[in-house]
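> File name data.txt; file contents compact mmCIF, C-alpha atoms and all ligand atoms; full text below.
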# COMPACT_ATOMS: atom_id res chain seq x y z
CA MET A 2 -0.34 26.59 17.42
CA THR A 3 -0.06 26.89 13.64
CA VAL A 4 -3.28 26.06 11.86
CA PRO A 5 -2.73 23.27 9.30
CA GLU A 6 -4.18 23.35 5.83
CA THR A 7 -7.71 21.99 5.73
CA GLY A 8 -7.56 19.41 2.96
CA PRO A 9 -6.18 19.78 -0.54
CA ALA A 10 -6.10 23.26 -2.03
CA ALA A 11 -8.16 23.72 -5.16
CA ALA A 12 -6.36 21.96 -7.99
CA PRO A 13 -4.99 24.50 -10.46
CA HIS A 14 -7.05 23.89 -13.58
CA ALA A 15 -7.15 20.17 -12.84
CA ARG A 16 -10.42 20.04 -14.75
CA ASP A 17 -8.44 20.73 -17.94
CA VAL A 18 -6.60 17.42 -17.62
CA ALA A 19 -7.60 14.93 -20.31
CA PRO A 20 -9.87 12.05 -19.24
CA LEU A 21 -8.22 8.83 -18.09
CA THR A 22 -8.51 6.23 -20.86
CA ARG A 23 -9.21 2.61 -19.99
CA ARG A 24 -5.60 1.67 -20.90
CA GLU A 25 -4.16 4.50 -18.78
CA PHE A 26 -6.40 3.47 -15.90
CA GLU A 27 -5.08 -0.11 -16.12
CA LEU A 28 -1.49 1.16 -16.01
CA VAL A 29 -2.09 3.41 -12.99
CA ALA A 30 -4.18 0.78 -11.17
CA GLY A 31 -1.47 -1.84 -11.82
CA LEU A 32 1.18 0.46 -10.35
CA ALA A 33 -1.01 1.16 -7.29
CA ARG A 34 -1.50 -2.58 -6.78
CA ARG A 35 2.21 -3.37 -7.08
CA SER A 36 3.40 -0.52 -4.89
CA CYS A 37 0.90 -0.51 -2.03
CA GLY A 38 -1.56 -3.36 -2.56
CA LEU A 39 -4.39 -1.00 -3.48
CA GLU A 40 -7.08 -2.76 -5.51
CA LEU A 41 -8.80 -0.32 -7.89
CA PRO A 42 -11.70 -1.75 -9.89
CA GLU A 43 -12.67 -0.15 -13.20
CA SER A 44 -15.64 1.49 -11.44
CA LYS A 45 -13.10 3.78 -9.70
CA ARG A 46 -11.80 5.24 -12.98
CA LEU A 47 -13.45 8.62 -12.47
CA MET A 48 -12.34 8.75 -8.84
CA VAL A 49 -8.73 8.02 -9.89
CA TRP A 50 -8.93 10.78 -12.49
CA SER A 51 -10.23 13.28 -9.96
CA ARG A 52 -7.63 12.38 -7.33
CA LEU A 53 -4.66 12.40 -9.69
CA ALA A 54 -5.58 15.22 -12.07
CA ARG A 55 -3.85 17.69 -9.78
CA ASN A 56 -0.61 15.66 -9.82
CA VAL A 57 -0.77 15.40 -13.63
CA ARG A 58 -1.16 19.15 -13.83
CA GLU A 59 1.56 19.92 -11.29
CA MET A 60 4.03 17.73 -13.17
CA GLU A 61 2.98 19.52 -16.36
CA CYS A 62 2.17 16.29 -18.15
CA ARG A 63 0.03 16.37 -21.28
CA ASN A 64 -1.97 13.30 -20.28
CA PHE A 65 -2.00 10.30 -17.94
CA SER A 66 0.26 8.24 -20.23
CA GLU A 67 3.01 10.79 -19.83
CA TYR A 68 2.28 11.07 -16.10
CA TYR A 69 2.56 7.29 -15.68
CA ARG A 70 5.90 7.24 -17.54
CA ARG A 71 7.27 10.13 -15.47
CA VAL A 72 6.24 8.45 -12.18
CA LEU A 73 8.11 5.28 -13.24
CA GLU A 74 11.17 7.27 -14.36
CA ASP A 75 11.40 9.30 -11.15
CA GLU A 76 14.22 7.51 -9.33
CA SER A 77 13.74 9.57 -6.16
CA GLY A 78 10.36 7.84 -5.64
CA GLU A 79 8.80 11.25 -4.86
CA ALA A 80 6.26 11.10 -7.70
CA LEU A 81 5.15 7.61 -6.68
CA CYS A 82 4.77 8.71 -3.03
CA ALA A 83 2.69 11.69 -4.17
CA MET A 84 0.53 9.36 -6.27
CA ILE A 85 -0.04 6.99 -3.34
CA ASP A 86 -0.80 9.93 -1.05
CA ARG A 87 -3.59 10.98 -3.37
CA LEU A 88 -5.02 7.50 -4.00
CA THR A 89 -5.19 6.23 -0.43
CA THR A 90 -8.27 6.94 1.65
CA SER A 91 -7.44 8.26 5.08
CA PHE A 92 -10.96 8.48 6.50
CA THR A 93 -10.76 7.91 10.25
CA GLY A 94 -11.98 9.34 13.55
CA PHE A 95 -11.46 9.49 17.28
CA MET A 96 -12.71 6.35 19.08
CA ARG A 97 -13.90 4.96 15.73
CA GLU A 98 -15.48 1.52 16.23
CA PRO A 99 -15.59 2.11 20.00
CA VAL A 100 -15.94 -1.57 21.01
CA HIS A 101 -12.23 -1.98 20.26
CA PHE A 102 -11.37 0.66 22.86
CA ASP A 103 -13.64 -1.11 25.38
CA PHE A 104 -11.82 -4.32 24.54
CA LEU A 105 -8.48 -2.60 25.16
CA ARG A 106 -9.64 -1.33 28.56
CA LYS A 107 -11.45 -4.45 29.75
CA VAL A 108 -9.42 -7.32 28.30
CA VAL A 109 -5.92 -6.06 27.55
CA VAL A 110 -5.26 -3.58 30.36
CA PRO A 111 -5.84 -6.05 33.24
CA ARG A 112 -3.06 -8.24 31.80
CA PHE A 113 -0.63 -5.34 31.98
CA CYS A 114 -1.38 -3.86 35.38
CA ASN A 115 1.95 -4.99 36.82
CA ALA A 116 3.94 -4.86 33.60
CA PRO A 117 6.70 -2.27 33.15
CA GLN A 118 5.59 -1.39 29.61
CA ILE A 119 2.80 -1.79 27.06
CA ARG A 120 3.42 -1.36 23.34
CA VAL A 121 0.60 -1.05 20.80
CA TRP A 122 0.90 -0.75 17.01
CA SER A 123 -1.57 1.28 14.99
CA ALA A 124 -0.87 -0.01 11.45
CA GLY A 125 -2.51 2.24 8.85
CA ALA A 126 -2.86 5.03 11.39
CA ALA A 127 -3.94 7.67 8.83
CA THR A 128 -4.04 11.14 10.42
CA GLY A 129 -3.41 9.92 13.98
CA GLU A 130 -6.88 9.76 15.52
CA GLU A 131 -6.60 5.99 16.11
CA ALA A 132 -3.19 6.18 17.80
CA TYR A 133 -4.23 9.06 20.07
CA SER A 134 -7.48 7.24 20.92
CA ILE A 135 -5.39 4.22 21.98
CA ALA A 136 -3.15 6.46 24.12
CA ILE A 137 -6.12 8.15 25.79
CA SER A 138 -7.92 4.82 26.40
CA LEU A 139 -4.83 3.33 28.03
CA LEU A 140 -4.19 6.39 30.20
CA GLU A 141 -7.80 6.32 31.35
CA ALA A 142 -7.78 2.59 32.07
CA PHE A 143 -4.58 2.08 34.02
CA PRO A 144 -4.78 2.84 37.71
CA GLU A 145 -2.94 6.09 38.35
CA ALA A 146 -0.60 4.74 41.00
CA ARG A 147 1.84 2.77 38.84
CA PRO A 148 0.86 2.78 35.15
CA PRO A 149 3.22 0.98 32.78
CA VAL A 150 5.18 2.99 30.23
CA ILE A 151 2.90 3.41 27.22
CA SER A 152 4.49 3.31 23.80
CA ILE A 153 2.49 3.44 20.58
CA LEU A 154 3.89 2.90 17.12
CA ALA A 155 1.75 4.54 14.43
CA THR A 156 2.59 3.74 10.82
CA ASP A 157 1.10 4.58 7.46
CA ILE A 158 2.16 4.67 3.83
CA SER A 159 0.88 8.20 3.27
CA ARG A 160 3.34 10.95 4.09
CA ASN A 161 0.58 13.58 4.06
CA ALA A 162 -1.43 11.63 6.61
CA LEU A 163 1.64 11.10 8.80
CA ARG A 164 2.49 14.81 8.71
CA LYS A 165 -0.99 15.66 9.98
CA ALA A 166 -0.86 12.86 12.54
CA SER A 167 2.41 14.01 13.93
CA ARG A 168 1.19 17.62 14.30
CA GLY A 169 -1.81 16.37 16.27
CA ILE A 170 -3.93 19.42 15.47
CA TYR A 171 -7.60 18.88 14.66
CA LEU A 172 -10.66 20.92 13.85
CA ALA A 173 -13.30 20.86 16.59
CA SER A 174 -15.69 19.09 14.20
CA ARG A 175 -13.26 16.14 13.99
CA LEU A 176 -13.38 15.73 17.75
CA ARG A 177 -17.14 15.41 18.15
CA SER A 178 -16.90 11.67 18.72
CA LEU A 179 -14.69 12.24 21.77
CA ASP A 180 -16.22 12.59 25.25
CA PRO A 181 -16.01 16.32 26.17
CA VAL A 182 -14.35 15.39 29.48
CA LEU A 183 -11.55 13.60 27.60
CA LEU A 184 -11.31 16.47 25.13
CA ALA A 185 -10.75 18.95 27.94
CA LYS A 186 -8.29 16.63 29.68
CA TYR A 187 -6.07 15.65 26.73
CA PHE A 188 -6.26 18.58 24.28
CA LEU A 189 -5.27 22.24 24.27
CA LYS A 190 -8.03 24.47 22.96
CA GLY A 191 -7.06 27.11 20.41
CA SER A 192 -8.15 30.70 20.91
CA GLY A 193 -7.99 33.88 18.87
CA ARG A 194 -6.61 33.10 15.41
CA VAL A 195 -6.68 29.36 16.09
CA ARG A 196 -10.13 29.29 17.63
CA GLY A 197 -12.00 26.14 16.58
CA TRP A 198 -8.82 24.03 16.58
CA TYR A 199 -7.49 21.66 19.20
CA ARG A 200 -3.99 20.28 19.73
CA ILE A 201 -3.21 17.02 21.51
CA LYS A 202 -1.21 17.74 24.67
CA PRO A 203 2.54 17.18 24.26
CA GLU A 204 2.64 14.49 26.95
CA ILE A 205 0.15 12.40 24.91
CA ARG A 206 1.83 13.23 21.61
CA ASN A 207 5.11 11.95 23.07
CA LEU A 208 3.66 8.51 23.71
CA VAL A 209 3.29 7.97 19.97
CA SER A 210 6.03 7.57 17.39
CA PHE A 211 5.07 7.97 13.75
CA ARG A 212 6.82 6.16 10.95
CA ARG A 213 6.24 5.48 7.25
CA LEU A 214 5.77 1.77 6.63
CA ASN A 215 4.30 -0.02 3.64
CA LEU A 216 2.30 -2.98 4.89
CA ILE A 217 2.84 -4.96 1.70
CA ASP A 218 6.64 -4.87 2.04
CA ARG A 219 8.71 -6.98 4.39
CA PHE A 220 8.56 -5.16 7.73
CA PRO A 221 11.67 -3.60 9.21
CA SER A 222 12.51 -4.85 12.67
CA ILE A 223 9.89 -3.28 14.94
CA GLY A 224 9.65 -5.87 17.70
CA SER A 225 6.51 -7.62 18.85
CA PHE A 226 3.29 -6.27 20.29
CA PRO A 227 0.52 -7.59 22.54
CA VAL A 228 -2.03 -5.64 20.44
CA ILE A 229 -2.05 -4.52 16.82
CA PHE A 230 -4.77 -2.32 15.35
CA CYS A 231 -4.91 -2.74 11.57
CA ARG A 232 -8.39 -1.48 10.85
CA ASN A 233 -9.95 -0.48 7.55
CA VAL A 234 -6.66 -0.83 5.69
CA MET A 235 -6.65 -4.35 4.25
CA ILE A 236 -10.15 -3.75 2.93
CA TYR A 237 -8.47 -1.98 0.00
CA PHE A 238 -6.17 -4.96 -0.74
CA ASP A 239 -6.86 -8.00 -2.90
CA ARG A 240 -7.29 -11.33 -1.08
CA GLU A 241 -3.74 -12.54 -1.72
CA THR A 242 -2.22 -9.32 -0.38
CA GLN A 243 -4.59 -9.42 2.63
CA LEU A 244 -3.47 -12.93 3.55
CA ALA A 245 0.23 -12.10 3.16
CA THR A 246 -0.23 -8.95 5.27
CA VAL A 247 -2.07 -10.85 8.01
CA GLY A 248 0.83 -13.32 8.06
CA ARG A 249 3.38 -10.54 8.58
CA LEU A 250 1.22 -8.82 11.22
CA THR A 251 0.82 -12.13 13.06
CA ASP A 252 4.61 -12.53 13.14
CA CYS A 253 4.72 -9.19 15.02
CA LEU A 254 2.16 -10.33 17.63
CA GLU A 255 3.22 -11.79 20.93
CA PRO A 256 1.73 -15.23 21.61
CA GLY A 257 -1.72 -14.59 23.09
CA GLY A 258 -1.68 -11.09 21.55
CA HIS A 259 -4.64 -9.57 19.69
CA LEU A 260 -5.09 -8.34 16.14
CA LEU A 261 -7.97 -5.89 15.72
CA ILE A 262 -9.34 -5.34 12.23
CA GLY A 263 -12.21 -3.20 10.92
CA HIS A 264 -15.73 -4.47 11.52
CA SER A 265 -16.40 -4.63 7.78
CA GLU A 266 -13.35 -6.86 7.29
CA THR A 267 -12.94 -10.58 7.89
CA LEU A 268 -10.08 -13.03 8.15
CA ALA A 269 -12.31 -16.00 7.31
CA GLY A 270 -10.31 -18.49 5.30
CA ALA A 271 -6.94 -17.16 6.45
CA ASP A 272 -4.79 -20.13 7.37
CA SER A 273 -2.88 -18.52 10.21
CA PRO A 274 -2.13 -19.07 13.88
CA LEU A 275 -4.96 -16.66 14.74
CA GLU A 276 -8.20 -17.67 16.40
CA TYR A 277 -11.47 -15.76 16.22
CA VAL A 278 -12.38 -14.07 19.52
CA ARG A 279 -15.31 -11.83 18.57
CA PRO A 280 -16.21 -9.69 15.55
CA ALA A 281 -13.05 -7.92 14.32
CA VAL A 282 -10.88 -9.35 17.12
CA TYR A 283 -8.42 -12.23 16.62
CA ARG A 284 -5.92 -13.77 19.01
CA LYS A 285 -2.59 -15.39 18.28
CA ARG A 286 -2.51 -18.89 19.75
CA GLU A 287 0.01 -19.49 22.50
CA ALA A 288 2.86 -21.73 21.40
CA LYS A 289 2.11 -25.34 22.35
CA ALA A 290 4.04 -26.50 25.39
CA ARG A 291 6.95 -28.64 24.23
CA GLN A 292 6.46 -32.36 24.78
CA PRO A 293 8.78 -33.55 27.52
CA TRP A 294 11.32 -36.10 26.37
CA PRO A 295 10.21 -39.66 27.15
CA ARG A 296 12.04 -40.98 30.16
CA MET A 297 15.01 -43.19 29.28
CA ARG A 298 15.48 -46.31 31.27
C1 LIG B 301 -9.29 4.31 5.90
S1 LIG B 301 -7.79 4.66 6.68
C2 LIG B 301 -7.99 3.79 8.23
C3 LIG B 301 -7.44 4.57 9.40
C4 LIG B 301 -7.65 3.90 10.77
N1 LIG B 301 -6.96 2.65 10.86
C5 LIG B 301 -9.11 3.72 11.07
O1 LIG B 301 -9.62 2.61 11.02
O2 LIG B 301 -9.79 4.72 11.35
C6 LIG B 301 -6.67 3.60 5.78
C7 LIG B 301 -5.21 3.98 5.92
O3 LIG B 301 -4.40 2.91 5.43
C8 LIG B 301 -3.29 3.45 4.77
N2 LIG B 301 -2.73 2.46 3.83
C9 LIG B 301 -3.25 2.05 2.65
N3 LIG B 301 -2.42 1.18 2.06
C10 LIG B 301 -1.36 1.02 2.89
C11 LIG B 301 -0.17 0.24 2.84
N4 LIG B 301 0.11 -0.55 1.80
N5 LIG B 301 0.70 0.34 3.87
C12 LIG B 301 0.43 1.15 4.93
N6 LIG B 301 -0.67 1.92 5.04
C13 LIG B 301 -1.56 1.84 4.03
C14 LIG B 301 -3.84 4.69 4.08
O4 LIG B 301 -2.84 5.61 3.76
C15 LIG B 301 -4.84 5.21 5.11
O5 LIG B 301 -4.27 6.19 5.92
Represent the structure contained in this file as structure tokens.

Amino acid sequence: MTVPETGPAAAPHARDVAPLTRREFELVAGLARRSCGLELPESKRLMVWSRLARNVREMECRNFSEYYRRVLEDESGEALCAMIDRLTTSFTGFMREPVHFDFLRKVVVPRFCNAPQIRVWSAGAATGEEAYSIAISLLEAFPEARPPVISILATDISRNALRKASRGIYLASRLRSLDPVLLAKYFLKGSGRVRGWYRIKPEIRNLVSFRRLNLIDRFPSIGSFPVIFCRNVMIYFDRETQLATVGRLTDCLEPGGHLLIGHSETLAGADSPLEYVRPAVYRKREAKARQPWPRMR
């Protein structure tokens, strides 16, 4: 097991970077909104400075105006990806908002007991804790005799987060929210040089495929799912982007399938084929049965 870096290294002299003027903030915030739906109010100006100062420094720009221009000019898209990586918030945790995992076990699993396969999408998966929690919950819930094939798609816009997710290596402190029995069953414990770290077992890791996907773009063809987790992601979007994203997510739900959002989010006012089930759980209505043709005499 190779120990991953623990968070961003100290920014080289980032404190020397000039403050972000109001005009520069508007430019950067506008770019963040257009490229990933991120809504950054003026109150976040200092936060944006502190998150991007390192990028400004690394690109050897004199100030944020030059940085903004260079990001736009970079045809490879690398600088924009690096900017998004720094601006997005990837806070997450194992079994976060545990009622959703109860819901998965008690409501979704019984519908799939005789199915050959179950596919779940973790949209905005961050560093992987959500996707691995889904995998563990499903493995625990299906009867051992004939479980369906479990396949989890985990997507995020942040390449840094996806890199960490795909490694599946976590500090012990990040695993405190996981039942110790599940920890022992599904993780390998590091020893010696990697003491204090845990790695998800390869057979669980292999149930999840990680992919970069921007939720505000048109989705590539990824099929349809009986359950989509998109939790604590749209909270950073403006209302219009939220509604458009919910529409695209709903298109990827099977009829009768469930969309799970964060408990601090709401879809109230969204005109979509989703019905409210319980807090942070919505269900796509089944297609209405087609009216039989009237009998011809
Ligand atoms: C706060 S984390 C939530 C992680 C997890 N879903 C949870 O609830 O614990 C939000 C994640 O959404 C991702 N994100 C933000 N904007 C996105 C976008 N436009 N497309 C895809 N992912 C995005 C961020 O990179 C971040 O990893």
> Using only C-alpha atoms, which of A:Val234, A:Val209, A:Leu73, A:Ile229 sits nearest Tyr283 (chain A)?
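Looking at the shortest contact to Tyr283 (chain A), the residue is A:Ile229.
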> Using only C-alpha atoms for the distances, tell me which of A:Phe113, A:Trp198, A:Trp122, A:Tyr171 is nearest to Pro148 (chain A).
A:Phe113
> Expressed in Å to a single decimal, how great is the separation between atom C9 of ligand LIG 301 (chain B) and CA of Thr89 (chain A)?
5.5 Å
> Do you know which residues are within 9 Å of ligand LIG 301 (chain B) using all atoms listed in the file? Can you write them as a PyMOL selection string?
chain A and resi 34+36-39+85-98+123-132+156-163+213-218+230-238+262-263
> Nearest to Lys165 (chain A): which of A:Leu140, A:Ile201, A:Ala288, A:Val57 is it, counting only C-alpha atoms?
A:Ile201
> Measure the distance from CA of Leu261 (chain A) to CA of Arg175 (chain A) in Å and round it to one decimal.
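The value is 22.7 Å.
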> In Å, with one decimal, what is the gap from CA of Ile205 (chain A) to CA of Val182 (chain A)?
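Atom-to-atom, CA of Ile205 (chain A) and CA of Val182 (chain A) are spaced 15.5 Å apart.
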